[in-house]
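Enquirer: Structure file protein05.cif (mmCIF, C-alpha atoms) right here:
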data_data
#
loop_
_atom_site.label_atom_id
_atom_site.label_comp_id
_atom_site.auth_asym_id
_atom_site.auth_seq_id
_atom_site.Cartn_x
_atom_site.Cartn_y
_atom_site.Cartn_z
CA MET A 56 0.00 0.00 0.00
CA SER A 57 1.20 3.50 -0.79
CA GLU A 58 2.06 5.86 2.01
CA ALA A 59 -0.82 7.77 3.62
CA LYS A 60 -1.22 11.38 2.57
CA LYS A 61 -1.97 14.25 4.89
CA PHE A 62 -5.52 15.45 4.25
CA MET A 63 -6.93 18.59 5.81
CA PHE A 64 -10.60 19.49 5.74
CA VAL A 65 -11.11 23.20 6.24
CA ASN A 66 -14.55 23.92 7.69
CA ARG A 67 -15.63 27.55 7.65
CA LYS A 68 -19.43 27.46 7.58
CA ALA A 69 -22.01 27.25 10.32
CA PRO A 70 -24.18 24.12 10.33
CA TYR A 71 -27.77 24.06 8.92
CA GLY A 72 -27.71 27.48 7.19
CA THR A 73 -25.91 25.82 4.29
CA ILE A 74 -25.14 22.20 3.37
CA TYR A 75 -21.33 22.59 3.58
CA ALA A 76 -20.87 21.28 7.13
CA LEU A 77 -22.79 18.08 6.50
CA GLU A 78 -21.09 17.49 3.14
CA SER A 79 -17.68 17.92 4.73
CA LEU A 80 -18.48 15.35 7.36
CA GLU A 81 -19.54 12.86 4.69
CA VAL A 82 -16.29 13.28 2.77
CA VAL A 83 -14.22 13.05 5.97
CA LEU A 84 -15.72 9.65 6.72
CA ILE A 85 -15.03 8.46 3.16
CA THR A 86 -11.42 9.64 3.36
CA ALA A 87 -10.92 8.00 6.74
CA ALA A 88 -12.04 4.68 5.26
CA PHE A 89 -8.97 4.85 2.98
CA ASP A 90 -6.56 5.03 5.94
CA GLN A 91 -5.32 8.52 5.24
CA ASP A 92 -3.88 10.97 7.76
CA VAL A 93 -6.94 13.18 8.28
CA SER A 94 -7.07 16.54 10.06
CA LEU A 95 -10.16 18.69 10.53
CA ALA A 96 -9.73 22.43 10.86
CA PHE A 97 -12.56 24.63 12.13
CA LEU A 98 -12.19 28.30 11.21
CA ASP A 99 -14.56 31.28 11.23
CA ASP A 100 -18.21 30.17 11.55
CA GLY A 101 -17.05 26.56 11.17
CA VAL A 102 -16.40 26.48 14.91
CA TYR A 103 -20.18 26.51 15.41
CA GLN A 104 -20.35 23.00 13.92
CA LEU A 105 -18.94 21.61 17.15
CA LYS A 106 -21.28 23.45 19.56
CA LYS A 107 -22.79 21.20 22.20
CA GLY A 108 -26.54 20.93 22.69
CA GLN A 109 -27.81 21.23 19.11
CA GLN A 110 -31.56 20.49 19.04
CA THR A 111 -32.93 20.49 15.51
CA LYS A 112 -36.46 19.19 16.09
CA GLY A 113 -37.87 22.72 15.70
CA ILE A 114 -36.37 23.17 12.23
CA GLU A 115 -37.15 19.61 11.10
CA THR A 116 -33.58 19.00 10.00
CA LYS A 117 -31.32 16.09 10.91
CA ASN A 118 -29.01 16.86 13.81
CA PHE A 119 -25.70 15.55 12.50
CA SER A 120 -23.59 16.87 15.36
CA PRO A 121 -23.40 13.50 17.20
CA ALA A 122 -21.40 12.21 14.22
CA TYR A 123 -18.42 14.35 15.27
CA ARG A 124 -18.22 12.18 18.39
CA ALA A 125 -18.02 9.08 16.22
CA LEU A 126 -14.99 10.34 14.29
CA GLU A 127 -12.51 8.80 16.72
CA ASP A 128 -13.93 5.38 15.87
CA TYR A 129 -12.65 6.06 12.35
CA ASP A 130 -9.26 7.13 13.73
CA VAL A 131 -9.99 10.76 12.94
CA GLU A 132 -8.62 12.36 16.06
CA LYS A 133 -6.96 15.54 14.82
CA LEU A 134 -9.51 18.29 15.31
CA TYR A 135 -8.23 21.86 15.34
CA VAL A 136 -10.16 24.99 16.28
CA GLU A 137 -9.01 28.52 15.50
CA LYS A 138 -8.73 30.47 18.72
CA GLU A 139 -9.59 33.86 17.24
CA ALA A 140 -12.80 32.46 15.69
CA MET A 141 -13.80 30.84 18.97
CA ASP A 142 -13.20 34.04 20.93
CA ALA A 143 -15.12 36.26 18.50
CA ARG A 144 -18.16 34.03 18.96
CA GLY A 145 -18.11 33.96 22.74
CA LEU A 146 -17.24 30.24 22.76
CA THR A 147 -14.78 28.31 24.91
CA GLU A 148 -13.37 24.78 24.65
CA GLU A 149 -16.06 23.61 27.09
CA ASP A 150 -18.72 24.49 24.49
CA PHE A 151 -17.54 21.79 22.09
CA LEU A 152 -18.95 18.29 21.94
CA VAL A 153 -15.56 16.71 21.22
CA ASN A 154 -12.00 17.27 22.40
CA VAL A 155 -10.20 19.71 20.17
CA THR A 156 -6.80 21.34 19.91
CA VAL A 157 -7.06 25.12 19.92
CA LEU A 158 -4.59 26.85 17.59
CA SER A 159 -3.89 30.46 16.82
CA ARG A 160 -4.46 31.66 13.24
CA ALA A 161 -0.71 31.64 12.68
CA GLU A 162 -0.39 28.03 13.88
CA MET A 163 -3.36 27.03 11.76
CA GLY A 164 -1.74 28.54 8.69
CA LYS A 165 1.43 26.64 9.33
CA LEU A 166 -0.44 23.36 9.74
CA MET A 167 -2.25 24.06 6.47
CA ASP A 168 1.11 24.41 4.72
CA GLU A 169 2.16 20.94 5.89
CA GLN A 170 -0.69 19.13 4.13
CA ASP A 171 -0.60 17.10 0.92
CA VAL A 172 -4.27 17.66 0.19
CA VAL A 173 -6.57 20.45 1.39
CA LEU A 174 -10.33 20.24 0.92
CA SER A 175 -12.40 23.36 1.52
CA PHE A 176 -15.92 23.56 2.89
CA MET B 286 -41.46 47.78 8.66
CA LEU B 287 -40.01 44.32 9.18
CA HIS B 288 -36.41 43.51 8.28
CA ILE B 289 -35.48 39.83 8.04
CA ILE B 290 -31.83 38.75 8.18
CA ASN B 291 -30.68 35.17 7.58
CA GLN B 292 -26.87 35.42 7.28
CA SER B 293 -24.24 35.10 9.98
CA PRO B 294 -23.01 38.53 11.11
CA LEU B 295 -19.36 37.42 11.01
CA THR B 296 -19.34 36.11 7.43
CA SER B 297 -21.77 38.43 5.72
CA GLY B 298 -22.44 42.15 5.64
CA THR B 299 -26.23 41.87 5.60
CA LEU B 300 -26.75 42.80 9.25
CA ASP B 301 -24.52 45.85 8.77
CA SER B 302 -26.34 46.80 5.57
CA CYS B 303 -29.66 46.58 7.34
CA LEU B 304 -28.51 48.58 10.37
CA ASN B 305 -26.87 51.21 8.17
CA THR B 306 -29.87 51.63 5.88
CA ALA B 307 -33.06 50.98 7.78
CA THR B 308 -34.46 53.74 9.94
CA GLY B 309 -36.31 51.61 12.47
CA GLY B 310 -39.04 49.05 13.03
CA ASP B 311 -38.74 45.32 13.63
CA ILE B 312 -35.73 43.14 12.88
CA LEU B 313 -36.15 39.37 12.81
CA LEU B 314 -33.02 37.21 12.90
CA ILE B 315 -33.46 33.74 11.37
CA GLU B 316 -31.21 30.86 10.22
CA ASP B 317 -27.49 31.75 10.54
CA ALA B 318 -28.35 35.33 11.57
CA VAL B 319 -29.42 34.08 14.99
CA TYR B 320 -25.72 33.94 15.96
CA ALA B 321 -25.79 37.76 16.14
CA ALA B 322 -28.13 37.52 19.12
CA THR B 323 -25.89 35.29 21.25
CA ARG B 324 -23.97 36.50 24.27
CA GLY B 325 -20.30 36.96 23.52
CA ASN B 326 -20.65 37.16 19.73
CA ALA B 327 -18.66 40.04 18.26
CA ALA B 328 -21.88 41.41 16.71
CA GLU B 329 -23.70 41.61 20.03
CA ALA B 330 -22.65 45.22 20.66
CA LYS B 331 -23.95 46.32 17.25
CA LEU B 332 -27.33 44.85 18.05
CA ARG B 333 -27.39 46.50 21.42
CA ALA B 334 -26.59 49.87 19.84
CA ALA B 335 -29.48 49.40 17.43
CA MET B 336 -32.02 48.56 20.10
CA GLY B 337 -33.10 52.18 20.47
CA ARG B 338 -34.30 52.27 16.84
CA PHE B 339 -35.37 48.67 16.37
CA LYS B 340 -37.21 45.96 18.19
CA ILE B 341 -35.08 42.87 17.65
CA HIS B 342 -36.53 39.37 17.49
CA VAL B 343 -34.89 35.99 17.05
CA LEU B 344 -36.46 32.79 15.76
CA MET B 345 -35.94 30.35 18.62
CA PRO B 346 -36.12 27.05 16.68
CA ASP B 347 -33.09 28.26 14.67
CA LEU B 348 -31.20 29.25 17.83
CA GLU B 349 -31.98 25.93 19.53
CA ALA B 350 -30.89 23.96 16.45
CA ARG B 351 -27.50 25.63 16.77
CA GLY B 352 -27.13 24.71 20.44
CA LEU B 353 -27.44 28.29 21.67
CA GLY B 354 -31.01 28.43 22.97
CA ASP B 355 -29.69 29.21 26.45
CA ARG B 356 -27.45 32.07 25.29
CA LEU B 357 -29.89 34.65 23.96
CA ALA B 358 -28.51 38.18 24.26
CA GLU B 359 -30.27 40.53 26.62
CA GLY B 360 -32.99 42.71 25.13
CA VAL B 361 -33.71 40.40 22.18
CA ALA B 362 -37.24 39.00 21.96
CA PRO B 363 -37.57 35.27 21.27
CA VAL B 364 -40.29 34.21 18.81
CA GLU B 365 -41.61 30.89 17.52
CA TYR B 366 -42.98 30.31 14.00
CA GLY B 367 -46.35 31.79 15.05
CA GLY B 368 -44.59 34.96 16.15
CA PHE B 369 -42.82 35.10 12.76
CA VAL B 370 -46.23 35.09 11.07
CA ASP B 371 -47.50 37.81 13.42
CA LEU B 372 -44.50 40.01 12.61
CA VAL B 373 -45.12 39.65 8.89
CA SER B 374 -48.84 40.35 9.17
CA ASN B 375 -48.46 43.28 11.58
CA ASN B 376 -45.98 45.11 9.35
CA LYS B 377 -47.07 46.79 6.13
CA THR B 378 -43.82 45.93 4.35
CA CYS B 379 -41.04 43.44 4.74
CA GLN B 380 -37.44 43.47 3.49
CA SER B 381 -35.34 40.29 3.43
CA TRP B 382 -31.63 41.17 3.47
CA LEU B 383 -30.51 38.12 1.45
#
Produce structure tokens that represent the structure in this file.

Expert:
Amino acid sequence: MSEAKKFMFVNRKAPYGTIYALESLEVVLITAAFDQDVSLAFLDDGVYQLKKGQQTKGIETKNFSPAYRALEDYDVEKLYVEKEAMDARGLTEEDFLVNVTVLSRAEMGKLMDEQDVVLSF
Amino acid sequence: MLHIINQSPLTSGTLDSCLNTATGGDILLIEDAVYAATRGNAAEAKLRAAMGRFKIHVLMPDLEARGLGDRLAEGVAPVEYGGFVDLVSNNKTCQSWL
């Protein structure tokens, strides 16, 4: 088997308002099935995807947030949140439904540079 | 007049456009715009400054879907779908800032 590539998924959209967040999650799971080195980056409004306590009954839309908790079962354990985005939205690490690594914008940019493949959502 | 906003205040300029243009009346925040009405969001101060001119409402099912139902900013009125209908029918005109 060829060597695993470093894949980064860059998530910048809030959930539900657009389809991007859900589509990203679908592609992440596909990629993980191919034993690649997968990282998820949450920037800008993307940090809202990980907010605890999502209750979508009122908008009659599937709540896909529990799926982020299942990612570790697929060996997707590198989740990075941009600190500046989190702060601007009044969120803290305790607001997220999974364990994440909080990075500054500068650190996030550096990590992005280290990837073989970057997919944008 | 009713102004409806559906875009996040930190990725779109629609809330700013509305606040800079409209003279007063009701503002209803729906979909991703509900983030503007959460405590600690960078747009919270803008909303607060506009409260003298506008009555600001937020659609609660959209806020709850996003896990922020318990973080409604002070001074913002929560509404359900029925309240959305009332706002539309009680205002002569309605502008959606798409």

Enquirer: Choose the residue, out of B:Ala362, B:Ile289, B:Val319, B:Ala307, that has the smallest atom-to-atom separation from Ala350 in chain B; count all atoms listed in the file.

Expert: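 The answer is B:Val319, which sits nearest to Ala350 in chain B.
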
Enquirer: Quote the spacing between CA of Glu365 in chain B and CA of His288 in chain B in Å to one decimal place.

Expert: 16.5 Å

Enquirer: Determine the residue set returned by the PyMOL selection byres ((chain A) within 6 of (chain B)) for the present structure, and present it as a PyMOL selection string.

Expert: chain A and resi 72+107-111+113-114+143-145

Enquirer: In Å to one decimal, how far is CA of Leu174 in chain A from CA of Pro70 in chain A?

Expert: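 Those two atoms sit 17.2 Å apart.
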
Enquirer: Tell me, as a list in words, which residues lie within 7 Å of Asp100 in chain A, counting all atoms listed in the file; anything in the same chain fewer than 4 positions away does not count.

Expert: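 Counting all atoms listed in the file, the residues come to Arg67, Lys68 and Ala69 of chain A.
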
Enquirer: Report as a list in words the residues that result from applying the PyMOL selection byres ((chain B and resi 380) around 10) to the structure here.

Expert: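 Output from the PyMOL selection byres ((chain B and resi 380) around 10), applied to this file: Met286, Leu287, His288, Ile289, Ile290, Cys303, Ala307, Ile312, Thr378, Cys379, Ser381, Trp382 and Leu383 of chain B.
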
Enquirer: Calculate how many Å separate CA of Thr156 in chain A from CA of Tyr135 in chain A, rounding to one decimal.

Expert: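 Separation between CA of Thr156 in chain A and CA of Tyr135 in chain A: 4.8 Å.
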
Enquirer: Any chance you could resolve the PyMOL selection byres ((chain A and resi 131) around 12) against this file and give the residues as number ranges by chain?

Expert: A: 61-64, 80, 83-96, 122-130, 132-135, 153-155

Enquirer: A:Val102, A:Val82, A:Met167, A:Ile74: which is nearest Leu146 in chain A, counting all atoms listed in the file?

Expert: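 Going through A:Val102, A:Val82, A:Met167, A:Ile74 one by one, the smallest distance to Leu146 in chain A is for A:Val102.
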